[in-house]
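Structure first, commentary second.
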Amino acid sequence: MIDVGASRLSEVEKASSHGSAALCFSNVSASYGPYRALFSVSFSVPAGSVVALLGANGAGKSTVARVATGLVPVTGGHVFFHGTDITGWSAWRIARLGLVHAPEGRSVFATLTVEENLELDFVKSAGRHRADQAVERAYGFFPRLKERRRQLAGTLSGGEQRMLSLARVLSVPPKMLIVDELTFGLSPGIAAEVFSSLRALKDQGCTLLVVEQHVHQALAIAERAVVLAHGSIAYEGPISEMGDLAERLLGGKTAS
Amino acid sequence: MSQLLTYVLLGLPYGCIYALIALGLVLTYKSSRVFNLAFGAQAYVSAVVFYVAVRSGHWPIWAAGLVSIVVVGPLLGLLLDRLLFRHIRVAATVVKLGAAIGLLLGIPEITQVIVGTQPQDNPPSLFLPPSWVFKLAGTRVNGTEVSTVLAAAIVVVGLWVLFRFSTLGLEMRAVSESPRMVELVGVNSGEVSSVAWMLSSLLAGLAGVLLAPLFATLDSYNFTLLLIAAIAAAALGGLASFPWTVLGAVAIGVAQEVMTGYLPLNSVLASGLRPALPFVVLILALLFHPGLRSSQDEGDPLASCDPPPLRAVPVKAHREHLIDLSLPSLFTPLVVALAIGSCLTWVPQIWVGVITVGLTYATILLSLTVLTGMGGQISLCQATFAGIGAFAAGQLATHLGLGFIEGLAIGAVLAGVLGLLLALPALRLGGLALALGTLAFALLADNLLFPLSWVGNGQSGVYVPRPQIGPISFAGTRSFFLLVLAVLVICGVAIALLRKGTTGRFLAAMGGSEVAAGAIGINVHWAKMTAFVVSAVIAGIGGAMYGSYQGAVGADNFNTLISLLYLVLVVTFGVKTVAGAVNAGLAYAVLDHLLASAPSRFGGLAALLFGMGAVAFALHPQGLADLFTARWKDQLDRLRHPWHGRETVEVS
Ligand SMILES: Nc1ncnc2c1ncn2[C@@H]1O[C@H](COP(=O)(O)OP(=O)(O)OP(=O)(O)O)[C@@H](O)[C@H]1O
Ligand SMILES: [Mg+2]
């Protein structure tokens with residue numbers, strides 16, 4: 001058991017020593033109490049690239065995102081971020097490394113105002129004195145947020161809340177961003193706006209792992225795809241080589 | 001007018017001290033979702049440390065104050081957070097309350113074990129001495145009062161600045177919404193909530209040291225009352241708003257003094273209502289504060305990262321054994337039969353007596369099995385119901401010459417009626433609010449009902465006869481044991497039947513989720529009322545049996561602390577099963593008897609042990625006894641079917 005782990009480890013170290021992988025899962029298993037959700041999942045996200053994480057409902061996409069950022073504990077295997085073994089790290093330490101996770105559903109503090117939400121973010125990522133500049137920059141991306149700066153974030157519309165989440169990362173781009181169904185429930189127009197924001201982030205050199213139900217749009221900005229099925233990897237590789245898997249996913253998802 | 005001002009000025013220091021604890025309650029409730037009833041006990045600890053340092057250690061006041069408030073207070077808070085409360089943030093309310101009550105009961109006992117029980121008279125004051133008197137608007141104000149108000153004012157302003165302007169304050173507010181999401185922006189939420197705990201424990205310590213000189217001696221009971229007033233203030237603030245909490249606390253303190261001034265002296269109103277005011281306020285706040293009834297909790301958006309909670313008891317236990325004695329099925333009846341046979345023959349009378357008391361406790365605890373175990377409703381006033389049963393049986397026998405059994409029946413009905421009356425307002429409450437409401441109710445009964453000569457007759461108590469059914473007398477120890485056992489079995493079977501029937505299913509559904517139960521067409525109100533009435537009746541019966549065994553009982557046998565002890569007992573041993581209640585009752589009686597001859601400083605050791613038991617339970621919410629039997633059964637299963645049960649359940 002230990003031997004296998006060690007040999008995998010060296011493989012991974014080899015891979016990450018090339019400096020190519022921003023995020024690397026090596027035989028990662030995870031479970032919620034007694035319920036296992038991931039079974040020995042291995043994949044890597046090359047630095048600076050955009051990877052789409054696809055799969056049916058319940059396949060384990062959100063769990064991958066949570067494991068990567070330390071919200072759900074790893075029960076087996078290793079997670080690397082830019083060559084650092086972050087297995088078992090607590091979420092706040094991982095966040096400070098520059099791996100940011102916009103979780104599924106509401107991802108803003110409902111009981112804080114818009115401005116306080118932004119401040120909370122930037123005090124840690126940009127330091128106290130530069131926080132104000134960062135907040136102003138965030139308003140620059142979405143002027144609508146500035147109008148509502150004193151409003152409680154919980155009273156924003158779903159789309160505005162998503163803007164708030166995006167504004168934080170656009171203002172101070174992280175090394176890597178994991179977005180989990182950021183466009184869920186948004187109108188097509190706003191969803192397109194979200195995707196163009198993501199593209200802007202990519203152009204600034206931010207690595208992206210995108211969990212999406214809008215498969216065609218996700219595939220349009222991504223270079224590689226990871227497909228999960230029942231908690232295991234079904235496909236990992238460039239989008240061009242996906243073949244009819246993409247068609248099947250596209251067909252399945254758009255029909256539903 | 002100037003007279004009114006006098007009373008206002010007198011009440012102000014009390015109000016300020018209430019405010020300190022109340023702020024701590026709100027702070028920790030917001031940052032860790034734990035309603036820490038132990039703050040009263042923590043205040044007591046700091047006060048004792050201060051007293052001992054000054055009076056025995058002859059330390060200078062400032063050093064004693066520094067150690068007791070700034071060192072001991074926060075340290076205790078940090079310990080509680082690290083060792084206990086942070087692990088039970090998402091646990092069920094009954095678990096969290098059980099742990100806090102365990103500490104409330106246990107901490108003063110530990111303190112007494114350490115410093116002894118000699119009275120601590122004339123506590124010193126922190127800043128200005130009470131001898132320092134000056135006149136304000138025609139009223140004499142002494143130094144203790146001035147320093148109390150000043151200290152509280154500084155703290156309140158400091159907290160306001162902290163929360164309004166500092167990063168730490170912002171982080172604390174964010175943690176109160178979702179500790180996980182805070183971690184995602186790179187903040188160590190564990191550290192932030194530790195700070196909240198240390199801060200609120202510091203407030204509690206300060207309150208304790210400030211409060212002490214207002215009384216003639218240090219007595220942990222005063223600190224419990226302080227806690228209740230603070231709870232009322234926190235409820236006025238909706239467990240969320242700091243300014244309203246402070247205002248509420250000051251208003252309660254002032255109103256108490258004003259009432260003392262204007263109510264006729266020596267009337268029941270003056271002697272009973274003044275201390276009872278916080279309880280009345282608490283009940284009213286719970287009933288009418290919109291924020292408390294419908295929990296305004298925004299909910300943690302990342303709650304779905306947690307695995308589903310452990311079931312408190314394996315489902316099998318419900319289905320297969322009506323009265324699950326939690327031991328292998330053939331073995332148990334044999335042991336029980338042997339034990340009963342022994343009690344009827346050779347066991348010394350004194351031990352039969354101890355076991356009898358244990359069985360009466362068990363009967364009372366069964367009332368919590370119904371209400372809390374089956375219905376998920378937490379009651380902190382079961383001793384009140386038990387008291388009603390005992391006092392009714394005693395009073396009816398003394399004054400009307402009724403037999404014990406008739407008295408018991410009437411007492412049980414009275415308790416049931418009271419249960420119904422309590423259920424009506426309780427229909428609007430749930431979870432923590434219900435627990436606090438019943439707590440206030442129990443305290444009201446302590447102060448207004450039980451002192452009455454026709455109810456509990458205060459400290460003098462009431463005589464309760466031994467039963468006589470037809471020609472058979474149950475005055476003898478062994479025959480009375482048999483009767484108590486029979487009553488317990490009847491109650492146990494009644495509960496088992498209730499659980500099996502429709503109402504039991506409804507209750508079980510309600511225990512899961514009241515809203516969901518209502519949504520699928522279960523009459524939640526009806527089920528809740530049934531649970532309350534049945535529970536009150538059983539408690540009344542158990543109380544009457546207990547009273548009959550003791551021969552004479554008074555208000556002290558059924559006061560609020562006893563109610564808290566009941567919850568802790570039953571929580572420790574398993575609130576879901578009849579066996580849990582029986583084990584708890586027997587264990588407490590035996591331990592209490594063994595400790596009766598110990599030196600006085602160990603007198604409260606039983607309460608301490610069970611308090612700690614509840615704390616241990618909070619960390620293993622399956623119930624300690626259930627946990628051990630579950631493990632044992634698991635081992636057995638593995639031996640029998642080695643290929644089963646090893647793999648974790650796979651979900652795909
Ligand atoms: N808190 C939890 N407790 C137990 N099991 C969970 C929990 N959260 C998720 N699961 C299970 O883990 C598996 C993977 O869930 P996950 O949320 O990762 O799926 P997903 O791919 O994100 O699905 P969706 O597209 O619906 O968001 C599912 O089978 C789910 O039931
Ligand atoms: Mg998901």
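Within each chain, counting starts at residue 1; across the structure tokens, chains are named A, B, ... in the order shown, with ligands numbered 1 upward in that order.
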
>> Taking 6 positions as the minimum chain separation for residues in the same chain, which residues sit within 9 Å of segment 604-608 of chain B when counting only C-alpha atoms? Answer as number ranges by chain.
In response: B: 102-103, 105-110, 112-113, 565, 588, 591-592, 595

Generate a file of the selected residues that holds N, CA, C and O atoms, formatted as a compact mmCIF listing (two decimals), in the first residue's frame.
# COMPACT_ATOMS: atom_id res chain seq x y z
N GLY B 102 -24.02 20.50 30.95
CA GLY B 102 -23.05 19.69 31.69
C GLY B 102 -21.97 20.58 32.29
O GLY B 102 -21.60 20.43 33.46
N LEU B 103 -21.51 21.54 31.52
CA LEU B 103 -20.49 22.47 32.03
C LEU B 103 -21.06 23.37 33.12
O LEU B 103 -20.42 23.63 34.13
N LEU B 105 -23.32 22.71 35.20
CA LEU B 105 -23.41 21.97 36.45
C LEU B 105 -22.03 21.58 36.96
O LEU B 105 -21.78 21.56 38.16
N GLY B 106 -21.15 21.23 36.02
CA GLY B 106 -19.87 20.65 36.42
C GLY B 106 -18.84 21.66 36.88
O GLY B 106 -18.11 21.41 37.84
N ILE B 107 -18.76 22.81 36.22
CA ILE B 107 -17.68 23.77 36.51
C ILE B 107 -17.71 24.26 37.97
O ILE B 107 -16.67 24.26 38.63
N PRO B 108 -18.87 24.65 38.50
CA PRO B 108 -18.86 25.07 39.91
C PRO B 108 -18.42 23.95 40.84
O PRO B 108 -17.74 24.21 41.85
N GLU B 109 -18.77 22.71 40.50
CA GLU B 109 -18.38 21.59 41.36
C GLU B 109 -16.87 21.40 41.33
O GLU B 109 -16.25 21.17 42.36
N ILE B 110 -16.29 21.48 40.14
CA ILE B 110 -14.83 21.35 40.04
C ILE B 110 -14.18 22.45 40.88
O ILE B 110 -13.24 22.20 41.64
N GLN B 112 -15.32 23.90 43.45
CA GLN B 112 -15.42 23.63 44.89
C GLN B 112 -14.49 22.51 45.31
O GLN B 112 -13.96 22.52 46.42
N VAL B 113 -14.31 21.54 44.42
CA VAL B 113 -13.36 20.48 44.75
C VAL B 113 -11.97 21.09 44.95
O VAL B 113 -11.23 20.72 45.85
N LEU B 565 -30.19 18.73 35.47
CA LEU B 565 -29.51 17.47 35.74
C LEU B 565 -30.21 16.32 35.00
O LEU B 565 -29.56 15.46 34.40
N TYR B 588 -27.31 7.32 38.46
CA TYR B 588 -27.25 8.53 39.28
C TYR B 588 -27.54 8.21 40.74
O TYR B 588 -26.85 8.71 41.63
N LEU B 591 -24.52 6.43 42.35
CA LEU B 591 -23.38 7.31 42.53
C LEU B 591 -23.64 8.32 43.64
O LEU B 591 -22.78 8.60 44.48
N ASP B 592 -24.86 8.85 43.64
CA ASP B 592 -25.23 9.83 44.65
C ASP B 592 -25.13 9.21 46.04
O ASP B 592 -24.64 9.82 46.98
N LEU B 595 -21.52 8.77 47.11
CA LEU B 595 -20.83 10.02 47.40
C LEU B 595 -21.38 10.73 48.62
O LEU B 595 -20.79 11.70 49.10

Taking only C-alpha atoms and all ligand atoms into account, which residues have an atom no farther than 9 Å from ligand 1? I'd like them as a PDB file with N, CA, C and O atoms, in the first residue's frame.
ATOM      1  N   SER A  31     -14.385  10.882   0.585  1.00  0.00           N
ATOM      2  CA  SER A  31     -15.725  10.436   0.956  1.00  0.00           C
ATOM      3  C   SER A  31     -16.367  11.410   1.933  1.00  0.00           C
ATOM      4  O   SER A  31     -15.693  12.175   2.620  1.00  0.00           O
ATOM      5  N   TYR A  32     -17.700  11.379   1.951  1.00  0.00           N
ATOM      6  CA  TYR A  32     -18.476  12.143   2.917  1.00  0.00           C
ATOM      7  C   TYR A  32     -18.873  11.163   4.012  1.00  0.00           C
ATOM      8  O   TYR A  32     -19.798  10.384   3.813  1.00  0.00           O
ATOM      9  N   GLY A  33     -18.179  11.164   5.136  1.00  0.00           N
ATOM     10  CA  GLY A  33     -18.468  10.158   6.159  1.00  0.00           C
ATOM     11  C   GLY A  33     -18.340   8.788   5.522  1.00  0.00           C
ATOM     12  O   GLY A  33     -17.323   8.465   4.912  1.00  0.00           O
ATOM     13  N   PRO A  34     -19.366   7.970   5.610  1.00  0.00           N
ATOM     14  CA  PRO A  34     -19.269   6.631   5.036  1.00  0.00           C
ATOM     15  C   PRO A  34     -19.501   6.595   3.521  1.00  0.00           C
ATOM     16  O   PRO A  34     -19.298   5.556   2.899  1.00  0.00           O
ATOM     17  N   TYR A  35     -19.938   7.695   2.935  1.00  0.00           N
ATOM     18  CA  TYR A  35     -20.280   7.661   1.517  1.00  0.00           C
ATOM     19  C   TYR A  35     -19.091   8.060   0.650  1.00  0.00           C
ATOM     20  O   TYR A  35     -18.655   9.198   0.708  1.00  0.00           O
ATOM     21  N   ARG A  36     -18.605   7.135  -0.153  1.00  0.00           N
ATOM     22  CA  ARG A  36     -17.450   7.462  -0.984  1.00  0.00           C
ATOM     23  C   ARG A  36     -17.895   8.185  -2.235  1.00  0.00           C
ATOM     24  O   ARG A  36     -18.883   7.808  -2.872  1.00  0.00           O
ATOM     25  N   ALA A  37     -17.200   9.235  -2.574  1.00  0.00           N
ATOM     26  CA  ALA A  37     -17.607  10.030  -3.730  1.00  0.00           C
ATOM     27  C   ALA A  37     -16.550  10.013  -4.839  1.00  0.00           C
ATOM     28  O   ALA A  37     -16.891  10.104  -6.006  1.00  0.00           O
ATOM     29  N   LEU A  38     -15.279   9.888  -4.495  1.00  0.00           N
ATOM     30  CA  LEU A  38     -14.223   9.833  -5.515  1.00  0.00           C
ATOM     31  C   LEU A  38     -13.417   8.547  -5.326  1.00  0.00           C
ATOM     32  O   LEU A  38     -13.074   8.181  -4.204  1.00  0.00           O
ATOM     33  N   LEU A  54     -16.192  17.956 -16.600  1.00  0.00           N
ATOM     34  CA  LEU A  54     -17.549  17.623 -17.028  1.00  0.00           C
ATOM     35  C   LEU A  54     -17.998  16.310 -16.394  1.00  0.00           C
ATOM     36  O   LEU A  54     -17.200  15.521 -15.909  1.00  0.00           O
ATOM     37  N   GLY A  55     -19.282  16.077 -16.458  1.00  0.00           N
ATOM     38  CA  GLY A  55     -19.827  14.831 -15.935  1.00  0.00           C
ATOM     39  C   GLY A  55     -21.289  15.005 -15.593  1.00  0.00           C
ATOM     40  O   GLY A  55     -21.780  16.129 -15.486  1.00  0.00           O
ATOM     41  N   ALA A  56     -21.981  13.873 -15.446  1.00  0.00           N
ATOM     42  CA  ALA A  56     -23.405  13.922 -15.150  1.00  0.00           C
ATOM     43  C   ALA A  56     -23.618  14.443 -13.732  1.00  0.00           C
ATOM     44  O   ALA A  56     -22.672  14.592 -12.968  1.00  0.00           O
ATOM     45  N   ASN A  57     -24.868  14.709 -13.377  1.00  0.00           N
ATOM     46  CA  ASN A  57     -25.170  15.120 -12.006  1.00  0.00           C
ATOM     47  C   ASN A  57     -24.762  14.018 -11.042  1.00  0.00           C
ATOM     48  O   ASN A  57     -25.049  12.849 -11.250  1.00  0.00           O
ATOM     49  N   GLY A  58     -24.066  14.415  -9.988  1.00  0.00           N
ATOM     50  CA  GLY A  58     -23.661  13.433  -8.990  1.00  0.00           C
ATOM     51  C   GLY A  58     -22.405  12.676  -9.360  1.00  0.00           C
ATOM     52  O   GLY A  58     -22.011  11.742  -8.659  1.00  0.00           O
ATOM     53  N   ALA A  59     -21.749  13.071 -10.441  1.00  0.00           N
ATOM     54  CA  ALA A  59     -20.554  12.344 -10.858  1.00  0.00           C
ATOM     55  C   ALA A  59     -19.373  12.626  -9.921  1.00  0.00           C
ATOM     56  O   ALA A  59     -18.451  11.826  -9.821  1.00  0.00           O
ATOM     57  N   GLY A  60     -19.410  13.774  -9.237  1.00  0.00           N
ATOM     58  CA  GLY A  60     -18.327  14.083  -8.312  1.00  0.00           C
ATOM     59  C   GLY A  60     -17.555  15.330  -8.692  1.00  0.00           C
ATOM     60  O   GLY A  60     -16.472  15.581  -8.158  1.00  0.00           O
ATOM     61  N   LYS A  61     -18.103  16.148  -9.588  1.00  0.00           N
ATOM     62  CA  LYS A  61     -17.387  17.358 -10.023  1.00  0.00           C
ATOM     63  C   LYS A  61     -17.168  18.321  -8.859  1.00  0.00           C
ATOM     64  O   LYS A  61     -16.047  18.772  -8.617  1.00  0.00           O
ATOM     65  N   SER A  62     -18.252  18.596  -8.139  1.00  0.00           N
ATOM     66  CA  SER A  62     -18.105  19.519  -7.016  1.00  0.00           C
ATOM     67  C   SER A  62     -17.182  18.941  -5.966  1.00  0.00           C
ATOM     68  O   SER A  62     -16.438  19.681  -5.308  1.00  0.00           O
ATOM     69  N   THR A  63     -17.211  17.630  -5.821  1.00  0.00           N
ATOM     70  CA  THR A  63     -16.339  17.017  -4.823  1.00  0.00           C
ATOM     71  C   THR A  63     -14.879  17.217  -5.205  1.00  0.00           C
ATOM     72  O   THR A  63     -14.040  17.501  -4.342  1.00  0.00           O
ATOM     73  N   VAL A  64     -14.556  17.094  -6.486  1.00  0.00           N
ATOM     74  CA  VAL A  64     -13.183  17.356  -6.940  1.00  0.00           C
ATOM     75  C   VAL A  64     -12.779  18.777  -6.568  1.00  0.00           C
ATOM     76  O   VAL A  64     -11.707  19.009  -5.998  1.00  0.00           O
ATOM     77  N   ALA A  65     -13.680  19.722  -6.823  1.00  0.00           N
ATOM     78  CA  ALA A  65     -13.372  21.115  -6.509  1.00  0.00           C
ATOM     79  C   ALA A  65     -13.154  21.298  -5.013  1.00  0.00           C
ATOM     80  O   ALA A  65     -12.221  21.977  -4.585  1.00  0.00           O
ATOM     81  N   ARG A  66     -14.004  20.675  -4.227  1.00  0.00           N
ATOM     82  CA  ARG A  66     -13.902  20.817  -2.769  1.00  0.00           C
ATOM     83  C   ARG A  66     -12.642  20.158  -2.228  1.00  0.00           C
ATOM     84  O   ARG A  66     -12.028  20.648  -1.285  1.00  0.00           O
ATOM     85  N   GLU A 104     -20.202  26.133  -5.626  1.00  0.00           N
ATOM     86  CA  GLU A 104     -21.531  25.978  -6.199  1.00  0.00           C
ATOM     87  C   GLU A 104     -22.552  26.755  -5.363  1.00  0.00           C
ATOM     88  O   GLU A 104     -22.431  26.820  -4.151  1.00  0.00           O
ATOM     89  N   ASP A 180     -17.358  26.616  -9.923  1.00  0.00           N
ATOM     90  CA  ASP A 180     -18.306  25.502  -9.920  1.00  0.00           C
ATOM     91  C   ASP A 180     -19.687  26.007 -10.331  1.00  0.00           C
ATOM     92  O   ASP A 180     -20.365  26.661  -9.551  1.00  0.00           O
ATOM     93  N   GLU A 181     -20.068  25.737 -11.559  1.00  0.00           N
ATOM     94  CA  GLU A 181     -21.374  26.113 -12.091  1.00  0.00           C
ATOM     95  C   GLU A 181     -21.680  27.583 -11.826  1.00  0.00           C
ATOM     96  O   GLU A 181     -22.686  27.933 -11.237  1.00  0.00           O
ATOM     97  N   VAL A 211     -16.126  23.997 -13.936  1.00  0.00           N
ATOM     98  CA  VAL A 211     -17.196  23.005 -13.859  1.00  0.00           C
ATOM     99  C   VAL A 211     -18.429  23.651 -14.473  1.00  0.00           C
ATOM    100  O   VAL A 211     -18.824  24.727 -14.043  1.00  0.00           O
ATOM    101  N   GLU A 212     -19.006  23.029 -15.473  1.00  0.00           N
ATOM    102  CA  GLU A 212     -20.084  23.696 -16.183  1.00  0.00           C
ATOM    103  C   GLU A 212     -21.155  22.735 -16.665  1.00  0.00           C
ATOM    104  O   GLU A 212     -20.883  21.592 -17.019  1.00  0.00           O
ATOM    105  N   GLN A 213     -22.381  23.213 -16.668  1.00  0.00           N
ATOM    106  CA  GLN A 213     -23.450  22.472 -17.341  1.00  0.00           C
ATOM    107  C   GLN A 213     -23.610  22.981 -18.777  1.00  0.00           C
ATOM    108  O   GLN A 213     -24.080  22.261 -19.650  1.00  0.00           O
ATOM    109  N   LEU A 228     -15.800  13.069 -15.619  1.00  0.00           N
ATOM    110  CA  LEU A 228     -15.992  12.179 -14.475  1.00  0.00           C
ATOM    111  C   LEU A 228     -17.238  11.335 -14.694  1.00  0.00           C
ATOM    112  O   LEU A 228     -18.227  11.818 -15.249  1.00  0.00           O
ATOM    113  N   ALA A 229     -17.193  10.089 -14.252  1.00  0.00           N
ATOM    114  CA  ALA A 229     -18.395   9.265 -14.224  1.00  0.00           C
ATOM    115  C   ALA A 229     -18.350   8.430 -12.954  1.00  0.00           C
ATOM    116  O   ALA A 229     -17.362   7.745 -12.694  1.00  0.00           O
ATOM    117  N   HIS A 230     -19.347   8.511 -12.165  1.00  0.00           N
ATOM    118  CA  HIS A 230     -19.437   7.754 -10.903  1.00  0.00           C
ATOM    119  C   HIS A 230     -18.179   7.882 -10.060  1.00  0.00           C
ATOM    120  O   HIS A 230     -17.672   6.894  -9.531  1.00  0.00           O
ATOM    121  N   GLY A 231     -17.655   9.042  -9.972  1.00  0.00           N
ATOM    122  CA  GLY A 231     -16.518   9.268  -9.094  1.00  0.00           C
ATOM    123  C   GLY A 231     -15.184   8.793  -9.635  1.00  0.00           C
ATOM    124  O   GLY A 231     -14.206   8.746  -8.902  1.00  0.00           O
TER     125      GLY A 231
ATOM    126  N   ALA B 303     -22.751  24.071   3.755  1.00  0.00           N
ATOM    127  CA  ALA B 303     -23.103  23.003   4.692  1.00  0.00           C
ATOM    128  C   ALA B 303     -23.048  21.638   4.006  1.00  0.00           C
ATOM    129  O   ALA B 303     -22.838  20.623   4.656  1.00  0.00           O
ATOM    130  N   SER B 304     -23.233  21.632   2.687  1.00  0.00           N
ATOM    131  CA  SER B 304     -23.284  20.336   1.992  1.00  0.00           C
ATOM    132  C   SER B 304     -21.915  19.682   1.895  1.00  0.00           C
ATOM    133  O   SER B 304     -21.801  18.592   1.354  1.00  0.00           O
ATOM    134  N   CYS B 305     -20.876  20.331   2.424  1.00  0.00           N
ATOM    135  CA  CYS B 305     -19.575  19.664   2.473  1.00  0.00           C
ATOM    136  C   CYS B 305     -19.505  18.669   3.617  1.00  0.00           C
ATOM    137  O   CYS B 305     -18.606  17.837   3.662  1.00  0.00           O
ATOM    138  N   ASP B 306     -20.429  18.795   4.576  1.00  0.00           N
ATOM    139  CA  ASP B 306     -20.409  17.877   5.706  1.00  0.00           C
ATOM    140  C   ASP B 306     -21.134  16.597   5.341  1.00  0.00           C
ATOM    141  O   ASP B 306     -22.145  16.632   4.651  1.00  0.00           O
ATOM    142  N   PRO B 307     -20.622  15.474   5.833  1.00  0.00           N
ATOM    143  CA  PRO B 307     -21.381  14.251   5.636  1.00  0.00           C
ATOM    144  C   PRO B 307     -22.665  14.317   6.448  1.00  0.00           C
ATOM    145  O   PRO B 307     -22.758  15.118   7.373  1.00  0.00           O
ATOM    146  N   PRO B 308     -23.661  13.527   6.098  1.00  0.00           N
ATOM    147  CA  PRO B 308     -24.885  13.541   6.896  1.00  0.00           C
ATOM    148  C   PRO B 308     -24.580  13.152   8.333  1.00  0.00           C
ATOM    149  O   PRO B 308     -23.658  12.384   8.583  1.00  0.00           O
ATOM    150  N   PRO B 309     -25.322  13.719   9.311  1.00  0.00           N
ATOM    151  CA  PRO B 309     -25.018  13.431  10.711  1.00  0.00           C
ATOM    152  C   PRO B 309     -25.218  11.955  11.055  1.00  0.00           C
ATOM    153  O   PRO B 309     -26.013  11.271  10.417  1.00  0.00           O
ATOM    154  N   VAL B 651     -21.525   4.997  -2.674  1.00  0.00           N
ATOM    155  CA  VAL B 651     -22.618   5.730  -3.298  1.00  0.00           C
ATOM    156  C   VAL B 651     -22.175   6.133  -4.695  1.00  0.00           C
ATOM    157  O   VAL B 651     -21.088   6.676  -4.863  1.00  0.00           O
ATOM    158  N   SER B 652     -22.965   5.816  -5.644  1.00  0.00           N
ATOM    159  CA  SER B 652     -22.564   6.255  -6.980  1.00  0.00           C
ATOM    160  C   SER B 652     -23.756   6.771  -7.752  1.00  0.00           C
ATOM    161  O   SER B 652     -24.883   6.607  -7.336  1.00  0.00           O
TER     162      SER B 652
END

>> Restricting the calculation to only C-alpha atoms and all ligand atoms: of A:Gly105, A:Gly185, A:Gly70, A:Gly154, which residue gets closest to ligand 2?
In response: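 Among the listed residues, A:Gly105 lies closest to ligand 2.
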
> Closest to Ala618 of chain B among B:Ala152, B:Leu292, B:Leu84, B:Ala509, using only C-alpha atoms?
Replying inline: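 Residue with the minimum atom-to-atom distance to Ala618 of chain B: B:Leu84.
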
>> Could you list, as a list in words, every residue within 9 Å of Gly492 of chain B, counting only C-alpha atoms and ignoring same-chain residues fewer than 5 positions away?
In response: Ile323, Thr363, Leu366, Val487, Leu497 and Val578 of chain B

Selection export as a short mmCIF file (atom, residue, chain, number, x, y, z; two decimals), in the first residue's frame, atoms kept: all heavy atoms:
data_model
loop_
_atom_site.label_atom_id
_atom_site.label_comp_id
_atom_site.auth_asym_id
_atom_site.auth_seq_id
_atom_site.Cartn_x
_atom_site.Cartn_y
_atom_site.Cartn_z
N ILE B 323 -38.66 -2.51 23.72
CA ILE B 323 -37.92 -2.02 24.88
C ILE B 323 -36.52 -2.58 24.72
O ILE B 323 -36.21 -3.67 25.15
CB ILE B 323 -38.55 -2.51 26.19
CG1 ILE B 323 -40.01 -2.12 26.22
CG2 ILE B 323 -37.82 -1.92 27.37
CD1 ILE B 323 -40.74 -2.66 27.40
N THR B 363 -38.24 6.66 35.97
CA THR B 363 -39.60 6.97 35.51
C THR B 363 -39.67 8.42 35.06
O THR B 363 -40.22 8.73 33.99
CB THR B 363 -40.60 6.73 36.65
OG1 THR B 363 -40.32 5.48 37.25
CG2 THR B 363 -42.02 6.76 36.13
N LEU B 366 -38.00 8.92 31.80
CA LEU B 366 -38.76 8.42 30.65
C LEU B 366 -39.56 9.55 30.00
O LEU B 366 -39.82 9.53 28.80
CB LEU B 366 -39.73 7.32 31.09
CG LEU B 366 -39.15 5.93 31.25
CD1 LEU B 366 -40.25 4.97 31.64
CD2 LEU B 366 -38.51 5.50 29.94
N VAL B 487 -44.68 0.44 38.22
CA VAL B 487 -45.04 1.72 37.61
C VAL B 487 -44.09 2.03 36.45
O VAL B 487 -44.52 2.45 35.36
CB VAL B 487 -44.99 2.85 38.66
CG1 VAL B 487 -45.09 4.21 38.00
CG2 VAL B 487 -46.12 2.67 39.65
N LEU B 497 -45.60 1.47 23.21
CA LEU B 497 -46.81 1.42 22.39
C LEU B 497 -46.99 2.72 21.61
O LEU B 497 -47.33 2.71 20.43
CB LEU B 497 -48.04 1.17 23.27
CG LEU B 497 -48.10 -0.23 23.87
CD1 LEU B 497 -49.33 -0.38 24.76
CD2 LEU B 497 -48.10 -1.29 22.77
N VAL B 578 -35.71 3.43 26.13
CA VAL B 578 -36.16 3.23 27.50
C VAL B 578 -34.97 2.81 28.36
O VAL B 578 -34.80 3.26 29.50
CB VAL B 578 -37.28 2.17 27.52
CG1 VAL B 578 -37.62 1.79 28.94
CG2 VAL B 578 -38.50 2.70 26.79
#

>> What's the separation between atom CA of Leu569 of chain B and atom CA of Ile378 of chain B, in Å to one decimal place?
In response: 13.5 Å

> So which residues touch segment 61-73 of chain B within 8 Å, counting only C-alpha atoms, skipping near sequence neighbours fewer than 6 positions away, as a list of chain:residue names?
Replying inline: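 In the requested form, the answer reads B:Gln42, B:Ala43, B:Ser46, B:Ala47, B:Val49, B:Phe50, B:Ala53, B:Val54, B:Leu126, B:Met198, B:Ser201, B:Leu202, B:Leu203, B:Ala204, B:Gly205, B:Leu206, B:Val209.
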
> Nearest to Arg106 of chain A: which of B:Leu334, B:Leu436, B:Met181, B:Val95 is it, counting only C-alpha atoms?
Replying inline: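 Checking each candidate against Arg106 of chain A, we get B:Met181 as the closest.
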